[in-house]
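Structure data (TSV, C-alpha atoms) from work-v6.tsv:
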chain	number	residue	atom	x	y	z
A	1	MET	CA	-23.66	-19.87	-31.15
A	2	TYR	CA	-23.03	-18.28	-27.75
A	3	SER	CA	-24.34	-14.76	-27.38
A	4	ILE	CA	-23.09	-12.13	-24.97
A	5	PRO	CA	-25.86	-10.22	-23.13
A	6	GLN	CA	-27.06	-7.10	-24.93
A	7	GLY	CA	-25.29	-3.84	-24.20
A	8	ILE	CA	-21.88	-5.16	-23.15
A	9	LEU	CA	-20.34	-5.36	-26.64
A	10	SER	CA	-21.43	-4.18	-30.03
A	11	GLN	CA	-22.42	-6.90	-32.48
A	12	GLU	CA	-19.25	-6.18	-34.46
A	13	ALA	CA	-17.06	-6.51	-31.36
A	14	GLU	CA	-18.88	-9.70	-30.33
A	15	LEU	CA	-18.28	-11.30	-33.74
A	16	ALA	CA	-14.62	-10.25	-33.70
A	17	LEU	CA	-14.20	-11.75	-30.23
A	18	LEU	CA	-15.88	-15.01	-31.24
A	19	GLU	CA	-13.71	-15.24	-34.38
A	20	ARG	CA	-10.59	-14.69	-32.27
A	21	ILE	CA	-11.65	-17.39	-29.81
A	22	GLU	CA	-12.28	-19.80	-32.68
A	23	HIS	CA	-8.86	-18.99	-34.13
A	24	LEU	CA	-7.16	-19.64	-30.77
A	25	ILE	CA	-8.98	-22.96	-30.36
A	26	ASN	CA	-7.99	-24.03	-33.88
A	27	ASP	CA	-4.36	-23.10	-33.23
A	28	TYR	CA	-4.35	-24.96	-29.93
A	29	LEU	CA	-5.85	-28.09	-31.46
A	30	SER	CA	-3.42	-27.99	-34.38
A	31	HIS	CA	-0.42	-27.73	-32.09
A	32	ALA	CA	-1.71	-30.23	-29.54
A	33	MET	CA	-2.53	-32.84	-32.16
A	34	LEU	CA	0.57	-32.37	-34.30
A	35	SER	CA	3.23	-31.73	-31.70
A	36	PRO	CA	5.74	-34.40	-30.71
A	37	HIS	CA	3.80	-34.59	-27.45
A	38	SER	CA	0.75	-35.97	-29.26
A	39	ASP	CA	2.10	-39.37	-28.22
A	40	SER	CA	1.13	-38.46	-24.65
A	41	VAL	CA	-2.53	-38.79	-25.70
A	42	GLY	CA	-1.80	-41.94	-27.67
A	43	LEU	CA	-2.57	-40.56	-31.13
A	44	ILE	CA	-0.70	-41.03	-34.37
A	45	GLN	CA	-1.30	-39.09	-37.56
A	46	GLN	CA	-2.42	-41.05	-40.62
A	47	LYS	CA	0.70	-40.38	-42.68
A	48	GLU	CA	2.95	-41.31	-39.74
A	49	LEU	CA	1.06	-44.58	-39.23
A	50	ILE	CA	1.38	-45.48	-42.91
A	51	LYS	CA	5.12	-44.78	-42.81
A	52	GLU	CA	5.71	-46.54	-39.48
A	53	LEU	CA	3.88	-49.72	-40.52
A	54	GLY	CA	5.01	-49.64	-44.14
A	55	ILE	CA	1.47	-49.92	-45.49
A	56	SER	CA	-0.43	-48.08	-48.20
A	57	LEU	CA	-3.33	-45.69	-47.80
A	58	VAL	CA	-5.51	-48.28	-49.55
A	59	THR	CA	-4.59	-50.85	-46.88
A	60	LEU	CA	-5.39	-48.38	-44.11
A	61	HIS	CA	-8.78	-47.63	-45.67
A	62	GLU	CA	-9.46	-51.38	-45.81
A	63	TRP	CA	-8.61	-51.63	-42.12
A	64	GLU	CA	-11.09	-48.82	-41.44
A	65	ARG	CA	-13.72	-50.76	-43.39
A	66	LEU	CA	-12.93	-53.75	-41.16
A	67	GLY	CA	-13.37	-51.73	-37.97
A	68	LEU	CA	-10.34	-49.55	-37.24
A	69	THR	CA	-11.62	-46.18	-35.95
A	70	ARG	CA	-10.30	-42.93	-37.40
A	71	TYR	CA	-10.40	-39.63	-35.50
A	72	CYS	CA	-10.73	-36.19	-37.12
A	73	PRO	CA	-10.84	-32.84	-35.31
A	74	PRO	CA	-14.40	-31.43	-35.39
A	75	ILE	CA	-13.30	-28.35	-37.31
A	76	GLU	CA	-14.44	-27.56	-40.83
A	77	GLY	CA	-11.63	-27.62	-43.34
A	78	THR	CA	-9.37	-29.80	-41.21
A	79	ARG	CA	-8.06	-32.75	-43.17
A	80	LYS	CA	-5.86	-34.30	-40.51
A	81	VAL	CA	-6.75	-37.88	-39.61
A	82	PHE	CA	-5.55	-39.58	-36.45
A	83	TYR	CA	-5.73	-43.04	-34.94
A	84	LYS	CA	-5.38	-44.16	-31.36
A	85	LYS	CA	-2.27	-46.28	-31.09
A	86	SER	CA	-4.13	-48.59	-28.73
A	87	ASP	CA	-6.89	-49.07	-31.36
A	88	VAL	CA	-4.28	-49.96	-33.97
A	89	MET	CA	-2.63	-52.46	-31.63
A	90	LYS	CA	-5.99	-54.06	-30.79
A	91	PHE	CA	-6.91	-54.21	-34.46
A	92	LEU	CA	-3.61	-55.84	-35.39
A	93	SER	CA	-3.89	-58.37	-32.56
A	94	ILE	CA	-7.30	-59.66	-33.64
A	95	THR	CA	-6.87	-63.17	-34.94
A	96	LYS	CA	-9.07	-64.41	-37.70
A	97	LYS	CA	-11.26	-67.29	-36.52
A	98	GLU	CA	-11.35	-70.10	-39.03

Render the structure in this file as structure tokens.
Amino acid sequence: MYSIPQGILSQEAELALLERIEHLINDYLSHAMLSPHSDSVGLIQQKELIKELGISLVTLHEWERLGLTRYCPPIEGTRKVFYKKSDVMKFLSITKKE
């Protein structure tokens, strides 16, 4: 945890400031990842991918077991799961060698 040099802020003010910063970061990440502009970073949310491809959650979990990478924000309590569209396309284009 980052600490502000002694004497500038009280410990209570420092904790309040750090909590506010954390809140702002969480809000930013939530909006950036879930906004319609999330396509600009090439991400798709799990539920959108399932709907778009017409697959089940079980199928998606099997794809993960076979190598498809999932991405989750590094924030405790966040349950959103994302995939890179390019990863999905690469995964779907892999042909099984017989």

Could you tell me how far atom CA of Val58 of chain A sits from atom CA of Met89 of chain A, in Å to one decimal place? 18.6 Å

Would you kindly return, as an mmCIF file with C-alpha atoms, in the frame of the given file, each protein, DNA or RNA residue with an atom no farther than 8 Å from any atom of Lys85 of chain A, considering all atoms listed in the file and excluding same-chain residues fewer than 3 positions away?
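out14.cif was written with the following content:
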data_model
loop_
_atom_site.group_PDB
_atom_site.id
_atom_site.type_symbol
_atom_site.label_atom_id
_atom_site.label_comp_id
_atom_site.auth_asym_id
_atom_site.auth_seq_id
_atom_site.Cartn_x
_atom_site.Cartn_y
_atom_site.Cartn_z
ATOM 1 C CA GLY A 42 -1.800 -41.940 -27.670
ATOM 2 C CA LEU A 43 -2.570 -40.560 -31.130
ATOM 3 C CA ILE A 44 -0.700 -41.030 -34.370
ATOM 4 C CA VAL A 88 -4.280 -49.960 -33.970
ATOM 5 C CA MET A 89 -2.630 -52.460 -31.630
#

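From atom CA of Cys72 of chain A back to atom CA of Glu19 of chain A, the distance works out to 21.3 Å.
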